[in-house]
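J.: Take a look at query_11.cif, mmCIF, C-alpha atoms and all ligand atoms:
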```cif
data_final
loop_
_atom_site.label_atom_id
_atom_site.label_comp_id
_atom_site.auth_asym_id
_atom_site.auth_seq_id
_atom_site.Cartn_x
_atom_site.Cartn_y
_atom_site.Cartn_z
CA MET A 262 89.71 95.60 111.00
CA HIS A 263 89.41 98.55 108.57
CA SER A 264 89.64 97.86 104.86
CA ALA A 265 89.79 100.77 102.46
CA VAL A 266 89.80 101.27 98.73
CA TYR A 267 91.89 103.84 96.87
CA PRO A 268 90.36 104.23 93.42
CA GLY A 269 91.84 106.10 90.47
CA SER A 270 93.27 105.93 86.99
CA PHE A 271 96.92 105.73 88.09
CA ASP A 272 98.18 106.21 84.52
CA PRO A 273 100.93 106.23 85.63
CA PHE A 274 101.23 105.64 89.38
CA THR A 275 103.23 108.59 90.81
CA ASN A 276 105.06 109.43 94.02
CA GLY A 277 101.96 111.46 94.92
CA HIS A 278 99.87 108.28 94.78
CA LEU A 279 102.52 106.37 96.75
CA ASP A 280 102.46 109.01 99.48
CA ILE A 281 98.68 108.71 99.76
CA VAL A 282 98.94 104.88 99.97
CA GLN A 283 101.57 105.06 102.73
CA ARG A 284 99.48 107.49 104.74
CA ALA A 285 96.23 105.57 104.11
CA LEU A 286 97.90 102.55 105.73
CA ARG A 287 97.98 104.49 109.00
CA ILE A 288 94.19 104.67 108.84
CA ALA A 289 93.33 101.31 107.28
CA ASP A 290 94.68 97.85 108.04
CA SER A 291 94.35 96.78 104.43
CA LEU A 292 94.00 98.75 101.23
CA THR A 293 92.81 97.86 97.75
CA ILE A 294 94.11 100.05 94.96
CA ALA A 295 91.32 99.96 92.38
CA VAL A 296 92.45 100.82 88.86
CA LEU A 297 89.59 102.28 86.87
CA LYS A 298 88.98 100.57 83.52
CA ASN A 299 86.31 102.75 81.97
CA THR A 300 88.19 105.99 81.76
CA SER A 301 87.82 108.37 78.86
CA LYS A 302 91.38 109.68 79.23
CA LYS A 303 93.88 108.56 76.58
CA SER A 304 96.07 106.08 78.39
CA LEU A 305 99.78 105.33 78.41
CA PHE A 306 99.42 101.92 80.03
CA SER A 307 96.47 99.54 79.76
CA PRO A 308 94.59 98.88 83.02
CA ASP A 309 96.20 95.41 83.25
CA GLU A 310 99.68 96.89 82.73
CA ARG A 311 98.96 99.45 85.45
CA VAL A 312 97.92 96.70 87.85
CA GLU A 313 101.11 94.76 87.10
CA ILE A 314 103.30 97.86 87.59
CA ILE A 315 101.55 98.95 90.81
CA ARG A 316 101.84 95.39 92.21
CA GLU A 317 105.63 95.65 91.68
CA VAL A 318 105.69 99.01 93.49
CA MET A 319 103.56 97.55 96.31
CA LYS A 320 105.83 94.54 96.97
CA PRO A 321 106.97 96.02 100.32
CA TYR A 322 103.33 96.40 101.40
CA PRO A 323 101.69 92.97 101.77
CA GLN A 324 98.50 94.59 103.12
CA VAL A 325 97.90 96.27 99.74
CA LYS A 326 95.95 94.57 96.94
CA VAL A 327 95.75 95.89 93.39
CA GLU A 328 92.76 95.19 91.13
CA THR A 329 91.03 96.69 88.13
CA PHE A 330 87.43 97.80 88.33
CA GLU A 331 84.74 98.68 85.87
CA GLY A 332 81.48 100.46 86.52
CA LEU A 333 80.53 102.03 89.80
CA MET A 334 82.91 102.29 92.69
CA VAL A 335 80.04 101.85 95.14
CA ASP A 336 79.35 98.40 93.63
CA PHE A 337 83.04 97.51 93.93
CA CYS A 338 82.95 98.48 97.62
CA ARG A 339 79.59 96.81 98.33
CA ASP A 340 80.75 93.53 96.75
CA ARG A 341 83.81 93.47 99.02
CA GLY A 342 82.21 94.81 102.20
CA ILE A 343 84.44 97.91 102.14
CA HIS A 344 83.07 101.06 103.80
CA LEU A 345 86.01 103.42 103.44
CA VAL A 346 87.27 105.23 100.35
CA ILE A 347 90.55 107.14 100.24
CA ARG A 348 91.10 110.03 97.84
CA GLY A 349 93.89 112.58 97.57
CA LEU A 350 93.50 116.33 97.29
CA ARG A 351 96.24 118.43 95.76
CA ALA A 352 94.78 121.88 95.40
CA VAL A 353 91.51 123.74 95.30
CA SER A 354 91.30 122.66 91.67
CA ASP A 355 90.73 119.04 92.79
CA PHE A 356 87.99 120.05 95.21
CA ASP A 357 84.94 120.54 92.95
CA TYR A 358 85.42 117.23 91.17
CA GLU A 359 86.11 115.29 94.36
CA HIS A 360 83.17 116.93 96.10
CA ALA A 361 80.79 115.98 93.27
CA ILE A 362 81.97 112.35 93.33
CA PHE A 363 81.69 112.27 97.11
CA LEU A 364 78.09 113.54 97.04
CA MET A 365 77.10 111.12 94.30
CA ASN A 366 78.68 108.15 96.09
CA ARG A 367 76.98 109.17 99.32
CA LYS A 368 73.64 109.18 97.51
CA LEU A 369 74.29 105.78 95.94
CA LEU A 370 75.65 104.12 99.08
CA PRO A 371 75.16 106.16 102.29
CA SER A 372 77.20 103.74 104.41
CA LEU A 373 80.35 104.47 102.38
CA GLU A 374 82.65 107.07 103.93
CA THR A 375 85.35 108.99 102.04
CA VAL A 376 88.53 110.26 103.66
CA PHE A 377 90.51 112.94 101.81
CA LEU A 378 94.23 113.15 102.38
CA MET A 379 95.96 116.38 101.44
CA ALA A 380 99.00 116.00 99.20
CA SER A 381 102.36 116.62 100.87
CA SER A 382 103.97 119.85 99.66
CA GLU A 383 106.67 118.02 97.68
CA ASN A 384 104.00 116.05 95.79
CA SER A 385 101.28 118.62 95.38
CA PHE A 386 102.37 119.57 91.86
CA ILE A 387 102.63 115.97 90.62
CA SER A 388 99.90 114.74 88.31
CA SER A 389 99.83 111.69 86.05
CA THR A 390 98.89 113.90 83.11
CA ILE A 391 101.85 116.25 83.52
CA VAL A 392 104.26 113.40 84.20
CA LYS A 393 103.13 111.70 80.96
CA GLU A 394 103.47 114.92 78.98
CA VAL A 395 106.95 115.74 80.30
CA ALA A 396 108.23 112.19 79.76
CA HIS A 397 106.81 112.12 76.24
CA PHE A 398 108.93 115.13 75.32
CA GLY A 399 112.06 113.72 76.95
CA GLY A 400 111.93 115.64 80.25
CA ASN A 401 113.25 114.06 83.43
CA ILE A 402 110.55 112.72 85.75
CA VAL A 403 112.80 110.54 87.90
CA ASP A 404 111.84 112.41 91.10
CA GLN A 405 108.10 112.18 90.44
CA VAL A 406 107.50 108.46 89.98
CA PRO A 407 108.68 105.21 91.64
CA ALA A 408 111.76 103.65 89.98
CA ILE A 409 109.74 100.80 88.43
CA VAL A 410 107.34 103.28 86.83
CA PHE A 411 110.25 105.36 85.55
CA GLN A 412 111.78 102.31 83.88
CA ARG A 413 108.48 101.19 82.31
CA MET A 414 107.77 104.69 81.02
CA ALA A 415 111.25 104.94 79.46
CA GLU A 416 110.63 101.62 77.67
CA ARG A 417 107.15 102.69 76.54
CA ASN A 418 108.35 106.04 75.20
CA LYS A 419 111.09 104.28 73.17
CA GLU A 420 108.51 102.08 71.41
CA PRO A 421 107.49 103.21 67.93
CA LYS A 422 104.19 105.12 68.06
CA ALA A 423 101.19 103.46 66.43
P1 LIG A 501 91.41 110.04 88.83
O1 LIG A 501 91.47 109.90 87.34
O2 LIG A 501 90.35 109.23 89.48
O3 LIG A 501 91.47 111.47 89.34
P2 LIG A 501 94.17 109.75 89.51
O4 LIG A 501 95.00 108.57 89.22
O5 LIG A 501 94.51 111.00 88.79
O6 LIG A 501 92.70 109.31 89.30
O7 LIG A 501 94.19 110.03 91.07
C1 LIG A 501 93.65 109.15 92.02
C2 LIG A 501 93.50 109.89 93.33
O8 LIG A 501 94.77 110.32 93.81
C3 LIG A 501 92.65 111.16 93.24
O9 LIG A 501 91.95 111.32 94.45
C4 LIG A 501 93.68 112.26 93.08
O10 LIG A 501 93.20 113.50 93.56
C5 LIG A 501 94.80 111.72 93.96
N1 LIG A 501 96.12 112.22 93.56
C6 LIG A 501 96.64 112.25 92.32
N2 LIG A 501 97.88 112.79 92.34
C7 LIG A 501 98.14 113.11 93.64
C8 LIG A 501 99.23 113.75 94.32
N3 LIG A 501 100.31 114.17 93.67
N4 LIG A 501 99.14 113.90 95.66
C9 LIG A 501 98.03 113.51 96.31
N5 LIG A 501 96.95 112.93 95.74
C10 LIG A 501 97.00 112.74 94.42
#
```
Just give me the structure as structure tokens.

T.:
Amino acid sequence: MHSAVYPGSFDPFTNGHLDIVQRALRIADSLTIAVLKNTSKKSLFSPDERVEIIREVMKPYPQVKVETFEGLMVDFCRDRGIHLVIRGLRAVSDFDYEHAIFLMNRKLLPSLETVFLMASSENSFISSTIVKEVAHFGGNIVDQVPAIVFQRMAERNKEPKA
């Protein structure tokens, strides 16, 4: 029985993330999507909203759990007895950051293994940041995010700005 965790900000959850989840399920029997709470990035959805949205998207996948997490990912994994982390790699630009996190996690918890899945070509240009930016200015992002995310983003962008 292999359980894995897929950590990230997921603000918002994109088709790139969905692709990684679907492919991770070929490696792991169960997967926990861990939504990072202590991120410095300015967010569109709160961590709890992200969890609620991703749970909707994950309805067809009963082997996927969605939770928030705060603090160190190694603690999250240790608490749950998870030894496998899934991360996605889009381009060389992702590599340095992912490599640094990998090395740090390895130092903190040597038994934790990280598997990197390369983005599919059709998703390799999709990033949460760009999707947010384009949607904010009224651009069409229907092909880049799951339908539920598209709907929630349209609602959010219609709300008066604080
Ligand atoms: P973080 O803020 O931790 O980078 P993200 O939500 O941006 O979180 O991404 C979570 C993980 O998914 C990261 O490993 C990231 O590289 C990967 N990822 C993001 N977008 C894509 C994509 N389009 N294709 C494949 N992997 C992706």

J.: Return as a PyMOL selection string the residues of protein, DNA or RNA that approach ligand LIG 501 (chain A) to within 6 Å, with all atoms listed in the file taken into account.

T.: chain A and resi 269-271+277-278+281+348-351+380+384-385+387-388

J.: My list of candidates is A:Arg316, A:Lys303, A:Ile347, A:Asp272. Which is closest to Ile409 (chain A) when distances are computed with all atoms listed in the file?

T.: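 Selected residue with least distance to Ile409 (chain A): A:Arg316.
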
J.: For Asn276 (chain A), which residue among A:Gly332, A:Asp355, A:Val346, A:Val318 is the nearest when counting all atoms listed in the file?

T.: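 Looking only at the distances to Asn276 (chain A), the closest residue turns out to be A:Val318.
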
J.: Write out as a PyMOL selection string each polymer residue whose atoms come within 7 Å of Pro268 (chain A), counting only C-alpha atoms; drop sequence neighbours fewer than 3 positions from it.

T.: chain A and resi 294-297

J.: From the list A:Ala289, A:Phe274, A:Phe306, A:Met334, which residue is nearest Met365 (chain A) when using all atoms listed in the file?

T.: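 For Met365 (chain A), the nearest of the given residues is A:Met334.
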
J.: Closest to Glu310 (chain A) among A:Met262, A:Val410, A:Ile391, A:Ala415, using all atoms listed in the file?

T.: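 Among A:Met262, A:Val410, A:Ile391, A:Ala415, it is A:Val410 that comes nearest to Glu310 (chain A).
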
J.: Quick one: of A:Glu331, A:Met414, A:Val312, A:Ile288, who's nearest to Ile402 (chain A), counting only C-alpha atoms?

T.: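 Nearest candidate to Ile402 (chain A) out of A:Glu331, A:Met414, A:Val312, A:Ile288: A:Met414.
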
J.: Name the residues within 9 Å of (84.6, 106.9, 100.1), counting only C-alpha atoms in the file's coordinates, and put them as number ranges by chain.

T.: A: 265-267, 334-335, 338, 344-348, 363, 366-367, 373-377

J.: Distance CA of Ser389 (chain A)-CA of Thr275 (chain A), one decimal place?

T.: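 So the answer is 6.6 Å.
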
J.: To one decimal place in Å, what is the distance between CA of His263 (chain A) and CA of Leu292 (chain A)?

T.: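 A separation of 8.7 Å between them.
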
J.: Name the residues, using the chain letters and numbers of the file, that sit within 7 Å of (95.1, 94.6, 87.3) when counting all atoms listed in the file, and give them as a PyMOL selection string.

T.: chain A and resi 296+308-313+327-329

J.: Can you work out the spacing between CA of Tyr322 (chain A) and CA of Arg341 (chain A) in Å, to one decimal?

T.: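 Answer for the CA of Tyr322 (chain A) to CA of Arg341 (chain A) separation: 19.9 Å.
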
J.: Go through A:Asn418, A:Gln412, A:Ala352, A:Gly342 and flag the residue nearest Gly399 (chain A), using only C-alpha atoms for the distances.

T.: A:Asn418

J.: Given 8 Å of margin on each side, can you work out the centre and size in Å (one decimal) of an axis-aligned box holding every listed atom of region 313-329 of chain A, as JSON?

T.:
```
{"center_x": 99.0, "center_y": 96.0, "center_z": 95.1, "size_x": 31.9, "size_y": 22.0, "size_z": 32.0}
```
